[in-house]
file final31.cif (mmCIF, C-alpha atoms)
data_structure
loop_
_atom_site.label_atom_id
_atom_site.label_comp_id
_atom_site.auth_asym_id
_atom_site.auth_seq_id
_atom_site.Cartn_x
_atom_site.Cartn_y
_atom_site.Cartn_z
CA MET A 30 156.01 137.33 76.52
CA ASP A 31 152.37 136.36 76.13
CA ILE A 32 151.59 132.80 75.11
CA LYS A 33 148.29 131.72 73.62
CA PHE A 34 147.71 127.98 73.54
CA HIS A 35 145.75 126.18 70.87
CA GLN A 36 143.26 124.91 73.47
CA PRO A 37 141.82 126.38 76.69
CA MET A 38 143.65 125.19 79.79
CA THR A 39 141.87 122.19 81.28
CA VAL A 40 144.80 120.53 83.06
CA TYR A 41 147.03 122.14 85.68
CA CYS A 42 150.57 121.36 86.69
CA LEU A 43 151.34 122.17 90.35
CA GLN A 44 155.00 122.46 91.31
CA ARG A 45 157.26 124.11 93.85
CA ASP A 46 156.89 127.54 92.27
CA GLY A 47 153.14 127.52 91.73
CA ARG A 48 150.96 126.60 88.77
CA PHE A 49 152.17 125.95 85.24
CA PRO A 50 150.60 124.78 81.99
CA LEU A 51 151.22 121.07 81.60
CA ALA A 52 153.39 121.88 78.59
CA PHE A 53 155.97 123.35 81.00
CA ALA A 54 156.14 120.56 83.59
CA SER A 55 159.77 120.49 84.68
CA ALA A 56 159.76 117.45 86.99
CA SER A 57 159.98 114.00 85.46
CA MET A 58 157.72 112.36 88.08
CA ILE A 59 154.06 113.26 87.64
CA LEU A 60 151.54 112.47 90.37
CA VAL A 61 148.01 112.16 88.98
CA ASP A 62 144.70 112.33 90.84
CA ARG A 63 141.39 110.62 90.21
CA ASN A 64 140.01 113.30 87.89
CA ILE A 65 142.96 112.72 85.54
CA ILE A 66 142.19 109.00 85.51
CA SER A 67 138.50 109.71 84.91
CA THR A 68 139.32 112.01 82.00
CA ALA A 69 141.71 109.46 80.54
CA LYS A 70 138.91 106.88 80.65
CA SER A 71 136.63 109.29 78.81
CA ILE A 72 139.21 109.78 76.08
CA LEU A 73 139.76 106.03 75.72
CA SER A 74 136.01 105.37 75.51
CA GLY A 75 135.54 107.87 72.69
CA SER A 76 133.47 110.26 74.79
CA GLU A 77 131.97 113.29 73.04
CA ARG A 78 132.00 115.58 76.10
CA HIS A 79 132.55 119.22 75.21
CA ASP A 80 136.11 119.47 76.56
CA ILE A 81 137.45 116.23 75.10
CA ALA A 82 139.50 117.93 72.35
CA ALA A 83 141.21 120.23 74.85
CA ASN A 84 141.94 117.36 77.24
CA LYS A 85 143.46 115.27 74.44
CA TRP A 86 145.65 118.19 73.40
CA TRP A 87 146.98 118.79 76.91
CA PHE A 88 147.43 115.12 77.74
CA ASN A 89 149.62 114.71 74.67
CA PHE A 90 152.36 116.77 76.39
CA VAL A 91 153.12 114.01 78.90
CA ASN A 92 152.69 111.11 76.49
CA ASN A 93 156.45 110.68 76.05
CA LYS A 94 159.28 108.80 77.73
CA ARG A 95 160.53 111.87 79.57
CA TYR A 96 157.79 111.45 82.18
CA THR A 97 157.02 108.78 84.76
CA LEU A 98 153.37 108.68 85.81
CA ASN A 99 152.46 107.74 89.36
CA PRO A 100 148.84 106.99 90.46
CA ILE A 101 149.65 106.72 94.18
CA LEU A 102 147.23 109.56 95.03
CA CYS A 103 144.37 107.63 93.43
CA ALA A 104 145.18 104.60 95.58
CA ILE A 105 145.40 106.67 98.76
CA GLU A 106 142.00 108.27 98.08
CA GLY A 107 140.24 105.07 97.04
CA SER A 108 136.84 105.07 95.40
CA LYS A 109 134.43 104.20 98.19
CA GLY A 110 134.18 107.53 100.02
CA GLY A 111 136.46 106.55 102.88
CA ALA A 112 139.98 105.44 103.77
CA PRO A 113 140.81 102.37 101.63
CA SER A 114 141.70 98.97 103.00
CA TYR A 115 145.03 97.54 101.91
CA GLN A 116 143.33 95.33 99.31
CA HIS A 117 141.34 98.25 97.95
CA PHE A 118 144.49 100.38 97.92
CA VAL A 119 146.33 97.85 95.76
CA ALA A 120 143.35 97.35 93.44
CA GLU A 121 142.92 101.10 92.92
CA PHE A 122 146.61 101.55 92.12
CA ASN A 123 146.60 98.71 89.60
CA GLU A 124 143.40 99.91 87.93
CA ALA A 125 144.70 103.46 87.61
CA GLN A 126 148.03 102.23 86.28
CA LYS A 127 146.23 100.19 83.63
CA VAL A 128 144.31 103.26 82.46
CA LEU A 129 147.49 105.34 82.36
CA GLY A 130 149.26 102.67 80.33
CA GLU A 131 146.50 102.72 77.72
CA ALA A 132 146.09 106.50 77.62
CA PHE A 133 149.82 107.36 77.70
CA PRO A 134 151.60 104.49 75.90
CA GLU A 135 154.82 106.46 75.41
CA ALA A 136 155.22 107.53 79.06
CA LYS A 137 156.83 105.46 81.79
CA LEU A 138 154.83 104.05 84.69
CA VAL A 139 155.77 103.47 88.32
CA ASN A 140 155.79 99.73 88.96
CA PHE A 141 155.01 98.47 92.47
CA GLU A 142 155.67 95.08 93.98
CA GLU A 143 154.45 93.85 97.36
CA GLN A 144 157.12 95.68 99.39
CA HIS A 145 156.33 98.94 97.60
CA PHE A 146 152.62 98.58 98.23
CA GLN A 147 153.23 97.86 101.91
CA ALA A 148 155.52 100.87 102.28
CA SER A 149 153.16 103.18 100.40
CA TYR A 150 150.13 102.03 102.36
CA GLY A 151 152.04 103.21 105.42
CA ILE A 152 151.00 106.73 104.34
CA VAL A 153 147.35 105.79 104.82
CA ARG A 154 148.07 104.20 108.20
CA GLY A 155 150.26 107.08 109.33
CA LEU A 156 147.65 109.71 108.50
CA GLN A 157 144.63 107.77 109.78
CA GLN A 158 144.21 109.59 113.11
CA ARG A 159 144.49 113.04 111.57
CA TYR A 160 142.26 111.92 108.70
CA GLU A 161 139.58 111.10 111.27
CA SER A 162 140.02 114.57 112.82
CA ASP A 163 139.75 116.20 109.39
CA ILE A 164 136.52 114.32 108.66
CA ALA A 165 135.00 115.08 112.07
CA PHE A 166 135.92 118.76 111.71
CA LEU A 167 134.31 119.15 108.27
CA LEU A 168 131.17 117.31 109.35
CA SER A 169 130.87 119.72 112.28
CA VAL A 170 131.63 122.97 110.45
CA SER A 171 129.48 122.34 107.39
CA LYS A 172 126.35 123.50 109.21
CA HIS A 173 128.12 126.79 109.99
CA LEU A 174 129.41 127.29 106.45
CA HIS A 175 126.73 126.02 104.06
CA ALA A 176 125.12 129.47 103.90
CA ILE A 177 126.87 132.82 103.53
CA THR A 178 127.62 134.19 107.00
CA ALA A 179 126.33 137.65 107.90
CA SER A 180 129.19 140.13 108.36
CA ARG A 181 128.23 140.77 112.00
CA LEU A 182 128.64 137.03 112.75
CA LEU A 183 131.99 136.38 111.01
CA GLU A 184 134.08 136.77 114.15
CA LYS A 185 131.74 134.54 116.16
CA VAL A 186 131.75 131.75 113.57
CA GLU A 187 135.53 131.95 113.23
CA GLY A 188 135.72 131.40 116.98
CA VAL A 189 133.51 128.34 116.63
CA LEU A 190 135.86 126.91 113.99
CA PHE A 191 138.85 127.29 116.29
CA GLU A 192 136.88 125.81 119.21
CA LEU A 193 136.00 122.75 117.14
CA CYS A 194 139.67 122.35 116.21
CA ALA A 195 140.71 122.51 119.86
CA LYS A 196 138.41 119.61 120.72
CA LEU A 197 140.11 117.29 118.25
CA ASP A 198 143.31 115.35 118.83
CA PRO A 199 145.27 115.52 116.66
CA LYS A 200 144.27 118.90 115.23
CA PRO A 201 142.87 118.96 111.70
CA SER A 202 145.22 119.65 108.81
CA PRO A 203 146.17 123.31 108.41
CA PHE A 204 145.01 123.02 104.80
CA VAL A 205 141.56 121.86 105.93
CA MET A 206 141.38 124.76 108.40
CA LEU A 207 142.45 127.28 105.74
CA ALA A 208 139.81 125.95 103.36
CA ALA A 209 137.14 126.31 106.07
CA LEU A 210 138.22 129.90 106.81
CA SER A 211 138.20 130.65 103.10
CA SER A 212 134.63 129.39 102.92
CA LEU A 213 133.70 131.60 105.88
CA TYR A 214 135.28 134.73 104.43
CA GLU A 215 133.88 134.45 100.92
CA SER A 216 132.33 137.48 99.24
CA ALA A 217 129.05 138.68 100.74
CA SER A 218 127.27 138.36 97.40
CA GLY A 219 128.24 134.73 96.92
CA GLU A 220 128.26 135.24 93.16
CA GLN A 221 131.70 133.66 92.97
CA PRO A 222 132.18 130.89 95.56
CA SER A 223 135.40 131.23 97.52
CA ILE A 224 138.28 128.87 96.85
CA GLY A 225 137.65 127.09 100.12
CA ARG A 226 133.91 126.67 99.49
CA SER A 227 134.65 125.20 96.07
CA ILE A 228 136.86 122.57 97.75
CA ILE A 229 134.80 121.73 100.85
CA LYS A 230 131.38 122.12 99.16
CA PRO A 231 129.47 122.54 102.46
CA LYS A 232 125.74 121.85 102.42
CA PRO A 233 122.96 121.11 104.95
CA GLN A 234 123.16 117.34 104.48
CA TYR A 235 126.96 117.02 104.48
CA ALA A 236 128.05 113.38 104.53
CA THR A 237 131.26 111.54 105.34
CA ALA A 238 131.85 110.87 101.65
CA ASP A 239 131.68 114.64 100.96
CA ALA A 240 134.25 115.31 103.68
CA HIS A 241 136.44 112.47 102.40
CA ASN A 242 136.57 113.98 98.92
CA ALA A 243 137.64 117.39 100.28
CA VAL A 244 140.22 115.91 102.65
CA SER A 245 141.66 113.73 99.87
CA ASP A 246 142.06 116.73 97.57
CA LEU A 247 143.84 118.83 100.20
CA ARG A 248 145.96 115.88 101.33
CA SER A 249 147.27 115.58 97.75
CA LEU A 250 148.80 119.03 98.16
CA GLU A 251 150.39 118.02 101.46
CA LEU A 252 151.93 114.95 99.86
CA LEU A 253 153.22 117.14 97.04
CA LEU A 254 154.89 119.29 99.70
CA CYS A 255 156.56 116.18 101.11
CA THR A 256 158.36 115.62 97.80
CA PHE A 257 160.07 119.01 98.21
CA GLN A 258 162.26 117.50 100.94
CA PHE A 259 164.02 115.19 98.50
CA GLN A 260 167.34 116.17 96.98
CA SER A 261 166.25 114.85 93.59
CA PRO A 262 163.83 117.04 91.58
CA ALA A 263 160.44 117.31 93.28
CA ALA A 264 157.38 115.84 91.64
CA THR A 265 154.67 117.58 89.66
CA PHE A 266 151.03 117.17 90.67
CA CYS A 267 148.75 116.97 87.66
CA THR A 268 145.06 117.78 88.22
CA ARG A 269 142.00 119.19 86.50
CA ASP A 270 140.66 120.64 89.78
CA LYS A 271 140.62 124.42 89.32
CA ALA A 272 139.73 125.23 92.95
CA LEU A 273 142.55 123.05 94.28
CA THR A 274 144.92 124.77 91.86
CA GLU A 275 143.80 128.21 93.05
CA PHE A 276 144.28 127.12 96.67
CA TRP A 277 147.86 126.02 95.92
CA VAL A 278 148.65 129.34 94.24
CA ALA A 279 147.06 131.35 97.09
CA ILE A 280 149.03 129.80 99.97
CA LYS A 281 152.43 130.11 98.25
CA ALA A 282 153.91 127.22 100.28
CA SER A 283 157.67 127.46 100.75
CA GLU A 284 160.55 126.65 103.13
CA VAL A 285 159.50 123.01 103.46
CA CYS A 286 161.58 121.01 105.93
CA LYS A 287 161.33 118.03 108.25
CA SER A 288 159.90 118.58 111.71
CA GLY A 289 159.40 116.40 114.75
CA THR A 290 155.92 115.34 113.61
CA GLY A 291 156.38 115.32 109.82
CA ILE A 292 157.05 118.46 107.81
CA SER A 293 156.77 122.18 108.41
CA PHE A 294 156.34 124.89 105.82
CA HIS A 295 155.75 128.59 105.42
CA ALA A 296 152.49 129.81 103.90
CA LYS A 297 151.63 133.30 102.72
CA LEU A 298 147.92 134.00 102.93
CA GLU A 299 146.79 135.80 99.80
CA PRO A 300 143.63 138.00 99.65
CA GLU A 301 142.16 135.72 96.97
CA LEU A 302 141.66 133.06 99.63
CA PHE A 303 139.57 135.35 101.89
CA PRO A 304 137.59 137.78 99.66
CA ARG A 305 135.66 139.45 102.51
CA LEU A 306 138.61 139.88 104.86
CA PRO A 307 140.34 143.29 104.51
CA VAL A 308 143.96 142.94 103.43
CA GLU A 309 145.19 144.70 106.54
CA ARG A 310 143.57 141.97 108.68
CA LEU A 311 145.27 139.02 106.96
CA GLY A 312 148.23 139.28 109.31
CA GLN A 313 145.89 139.15 112.31
CA LEU A 314 144.28 135.98 110.96
CA ALA A 315 147.73 134.44 110.52
CA GLU A 316 148.52 135.28 114.14
CA ARG A 317 145.31 133.63 115.33
CA LEU A 318 146.19 130.50 113.36
CA VAL A 319 149.58 130.34 115.05
CA GLN A 320 148.06 130.99 118.48
CA ASN A 321 145.71 128.04 117.91
CA GLY A 322 148.51 125.63 117.13
CA PHE A 323 148.77 125.86 113.35
#

call {"tool": "encode", "arguments": {"input": "final31.cif", "output": "structure tokens"}}
result
Amino acid sequence: MDIKFHQPMTVYCLQRDGRFPLAFASASMILVDRNIISTAKSILSGSERHDIAANKWWFNFVNNKRYTLNPILCAIEGSKGGAPSYQHFVAEFNEAQKVLGEAFPEAKLVNFEEQHFQASYGIVRGLQQRYESDIAFLLSVSKHLHAITASRLLEKVEGVLFELCAKLDPKPSPFVMLAALSSLYESASGEQPSIGRSIIKPKPQYATADAHNAVSDLRSLELLLCTFQFQSPAATFCTRDKALTEFWVAIKASEVCKSGTGISFHAKLEPELFPRLPVERLGQLAERLVQNGF
């Protein structure tokens, strides 16, 4: 059946099976990112931004005791354009939790004590080396991606991307690499930026803070994948980021399981992620990713 909501969709609910309207969130644990906190602040301050009515309407769906809101992703990202210190991590979590408590008084909140903060900050420590590779990779590839690549140079630039990956130890995140390839294989007209370009936002003067924002967004999806290992119901990731939502839908992540270095998963590369790459060549791209250690 077709469903027409009273307000345009401004909030997305990412779960195991793809994207859902927030009204249909099936998991009780909801992970929120910084744009949800920012929007909640706007609502609390009485902002008159054009989408405030729609945001209020959607937010009302999780303002009940069925849901537990968790701002851990906000703490992991921080607000200073780089990996947060432990003190900054704790402060960001507490600030976000305060906003959530005011904006969603009927919902439950995750409460952390010192041992929980220490354990959670282990995520930041554990991902630090690969985070540095992700940042270095995006800083290097931005100059190759900020302008639309001529069709005759696509293969050459793709080779450069893989060469840059090979120089880094550990390798960049597969999500970061997919986003870069999506930016490379966007439509020749550029009228509609590719999903990857909308996430990475490459430009001539690409800074560490720009790379940090992109890495943090993609890392949120990886952490969502991690929750799929648990026997209890997996979490829902709540975001207003349309490009990140489209990326999640396009990769169709499945078969998540533990591996020697963390988790492994199966991804299906959809044409929407690579507009200029012929469908019959998607399988070849997947093979090249595997050959290069992804």

call {"tool": "resolve_selection", "arguments": {"input": "final31.cif", "expression": "the PyMOL selection byres ((chain A and resi 168) around 9)", "output": "ChimeraX atom specification"}}
result
/A:163-167,169-172,231,235-237,239-240

call {"tool": "residues_around", "arguments": {"input": "final31.cif", "residues": "Glu135 (chain A)", "least_positions_apart": "3", "cutoff": "6 Å", "atoms": "only C-alpha atoms", "output": "PyMOL selection string"}}
result
chain A and resi 92-94

call {"tool": "axis_aligned_box", "arguments": {"input": "final31.cif", "around": "region 32-35 of chain A", "padding_each_side": "5 Å", "output": "AutoDock Vina command-line options"}}
result
--center_x 148.7 --center_y 129.5 --center_z 73.0 --size_x 15.8 --size_y 16.6 --size_z 14.2

call {"tool": "atom_distance", "arguments": {"input": "final31.cif", "atom1": "CA of Leu252 (chain A)", "atom2": "CA of Ala52 (chain A)"}}
result
22.4 Å

call {"tool": "resolve_selection", "arguments": {"input": "final31.cif", "expression": "the PyMOL selection byres ((chain A and resi 80-88) around 12)", "output": "ChimeraX atom specification"}}
result
/A:34-42,50-54,61,64-79,89-93,96,98,129,132-136,267-269

call {"tool": "write_last_selection", "arguments": {"input": "final31.cif", "atoms": "C-alpha atoms", "output": "PDB file, in the coordinates of the input"}}
result
ATOM      1  CA  PHE A  34     147.710 127.980  73.540  1.00  0.00           C
ATOM      2  CA  HIS A  35     145.750 126.180  70.870  1.00  0.00           C
ATOM      3  CA  GLN A  36     143.260 124.910  73.470  1.00  0.00           C
ATOM      4  CA  PRO A  37     141.820 126.380  76.690  1.00  0.00           C
ATOM      5  CA  MET A  38     143.650 125.190  79.790  1.00  0.00           C
ATOM      6  CA  THR A  39     141.870 122.190  81.280  1.00  0.00           C
ATOM      7  CA  VAL A  40     144.800 120.530  83.060  1.00  0.00           C
ATOM      8  CA  TYR A  41     147.030 122.140  85.680  1.00  0.00           C
ATOM      9  CA  CYS A  42     150.570 121.360  86.690  1.00  0.00           C
ATOM     10  CA  PRO A  50     150.600 124.780  81.990  1.00  0.00           C
ATOM     11  CA  LEU A  51     151.220 121.070  81.600  1.00  0.00           C
ATOM     12  CA  ALA A  52     153.390 121.880  78.590  1.00  0.00           C
ATOM     13  CA  PHE A  53     155.970 123.350  81.000  1.00  0.00           C
ATOM     14  CA  ALA A  54     156.140 120.560  83.590  1.00  0.00           C
ATOM     15  CA  VAL A  61     148.010 112.160  88.980  1.00  0.00           C
ATOM     16  CA  ASN A  64     140.010 113.300  87.890  1.00  0.00           C
ATOM     17  CA  ILE A  65     142.960 112.720  85.540  1.00  0.00           C
ATOM     18  CA  ILE A  66     142.190 109.000  85.510  1.00  0.00           C
ATOM     19  CA  SER A  67     138.500 109.710  84.910  1.00  0.00           C
ATOM     20  CA  THR A  68     139.320 112.010  82.000  1.00  0.00           C
ATOM     21  CA  ALA A  69     141.710 109.460  80.540  1.00  0.00           C
ATOM     22  CA  LYS A  70     138.910 106.880  80.650  1.00  0.00           C
ATOM     23  CA  SER A  71     136.630 109.290  78.810  1.00  0.00           C
ATOM     24  CA  ILE A  72     139.210 109.780  76.080  1.00  0.00           C
ATOM     25  CA  LEU A  73     139.760 106.030  75.720  1.00  0.00           C
ATOM     26  CA  SER A  74     136.010 105.370  75.510  1.00  0.00           C
ATOM     27  CA  GLY A  75     135.540 107.870  72.690  1.00  0.00           C
ATOM     28  CA  SER A  76     133.470 110.260  74.790  1.00  0.00           C
ATOM     29  CA  GLU A  77     131.970 113.290  73.040  1.00  0.00           C
ATOM     30  CA  ARG A  78     132.000 115.580  76.100  1.00  0.00           C
ATOM     31  CA  HIS A  79     132.550 119.220  75.210  1.00  0.00           C
ATOM     32  CA  ASN A  89     149.620 114.710  74.670  1.00  0.00           C
ATOM     33  CA  PHE A  90     152.360 116.770  76.390  1.00  0.00           C
ATOM     34  CA  VAL A  91     153.120 114.010  78.900  1.00  0.00           C
ATOM     35  CA  ASN A  92     152.690 111.110  76.490  1.00  0.00           C
ATOM     36  CA  ASN A  93     156.450 110.680  76.050  1.00  0.00           C
ATOM     37  CA  TYR A  96     157.790 111.450  82.180  1.00  0.00           C
ATOM     38  CA  LEU A  98     153.370 108.680  85.810  1.00  0.00           C
ATOM     39  CA  LEU A 129     147.490 105.340  82.360  1.00  0.00           C
ATOM     40  CA  ALA A 132     146.090 106.500  77.620  1.00  0.00           C
ATOM     41  CA  PHE A 133     149.820 107.360  77.700  1.00  0.00           C
ATOM     42  CA  PRO A 134     151.600 104.490  75.900  1.00  0.00           C
ATOM     43  CA  GLU A 135     154.820 106.460  75.410  1.00  0.00           C
ATOM     44  CA  ALA A 136     155.220 107.530  79.060  1.00  0.00           C
ATOM     45  CA  CYS A 267     148.750 116.970  87.660  1.00  0.00           C
ATOM     46  CA  THR A 268     145.060 117.780  88.220  1.00  0.00           C
ATOM     47  CA  ARG A 269     142.000 119.190  86.500  1.00  0.00           C
TER      48      ARG A 269
END

call {"tool": "atom_distance", "arguments": {"input": "final31.cif", "atom1": "CA of His175 (chain A)", "atom2": "CA of Val319 (chain A)"}}
result
25.7 Å

call {"tool": "closest_residue", "arguments": {"input": "final31.cif", "among": "A:Ser57, A:Ala195, A:Lys33, A:Ser283", "to": "Asn321 (chain A)", "atoms": "only C-alpha atoms"}}
result
A:Ala195

call {"tool": "atom_distance", "arguments": {"input": "final31.cif", "atom1": "CA of Phe294 (chain A)", "atom2": "CA of Tyr150 (chain A)"}}
result
23.9 Å

call {"tool": "residues_near_point", "arguments": {"input": "final31.cif", "point": "(143.3, 101.9, 92.5)", "cutoff": "10 Å", "atoms": "all atoms listed in the file", "output": "list in words"}}
result
Arg63, Pro100, Ile101, Leu102, Cys103, Ala104, Ile105, Glu106, Gly107, Ser108, Pro113, Gln116, His117, Phe118, Val119, Ala120, Glu121, Phe122, Asn123, Glu124, Ala125, Gln126 and Lys127 of chain A

call {"tool": "residues_around", "arguments": {"input": "final31.cif", "residues": "region 212-226 of chain A", "least_positions_apart": "5", "cutoff": "6 Å", "atoms": "all atoms listed in the file", "output": "list in words"}}
result
Ala272, Phe303, Pro304 and Arg305 of chain A

call {"tool": "write_last_selection", "arguments": {"input": "final31.cif", "atoms": "C-alpha atoms", "output": "CSV table (one decimal), in the coordinates of the input"}}
result
chain,number,residue,atom,x,y,z
A,272,ALA,CA,139.7,125.2,93.0
A,303,PHE,CA,139.6,135.4,101.9
A,304,PRO,CA,137.6,137.8,99.7
A,305,ARG,CA,135.7,139.4,102.5

call {"tool": "closest_residue", "arguments": {"input": "final31.cif", "among": "A:Ser249, A:Ser288, A:Gln258, A:Gln44", "to": "Asp270 (chain A)", "atoms": "only C-alpha atoms"}}
result
A:Ser249

call {"tool": "residues_near_point", "arguments": {"input": "final31.cif", "point": "(136.8, 132.2, 110.5)", "cutoff": "10 Å", "atoms": "all atoms listed in the file", "output": "list in words"}}
result
Leu174, Leu182, Leu183, Glu184, Lys185, Val186, Glu187, Gly188, Val189, Leu190, Phe191, Met206, Leu207, Ala208, Ala209, Leu210, Ser211, Ser212, Leu213, Tyr214, Phe303, Leu306, Leu314, Arg317 and Leu318 of chain A

call {"tool": "closest_residue", "arguments": {"input": "final31.cif", "among": "A:Thr178, A:Asn99, A:Gln234, A:Gln158", "to": "Lys200 (chain A)", "atoms": "all atoms listed in the file"}}
result
A:Gln158

call {"tool": "resolve_selection", "arguments": {"input": "final31.cif", "expression": "the PyMOL selection byres ((chain A and resi 281) around 12)", "output": "ChimeraX atom specification"}}
result
/A:43-48,250,254,274-280,282-285,294-302

call {"tool": "closest_residue", "arguments": {"input": "final31.cif", "among": "A:Ala238, A:Val308, A:Ile152, A:Leu197", "to": "Glu251 (chain A)", "atoms": "all atoms listed in the file"}}
result
A:Ile152
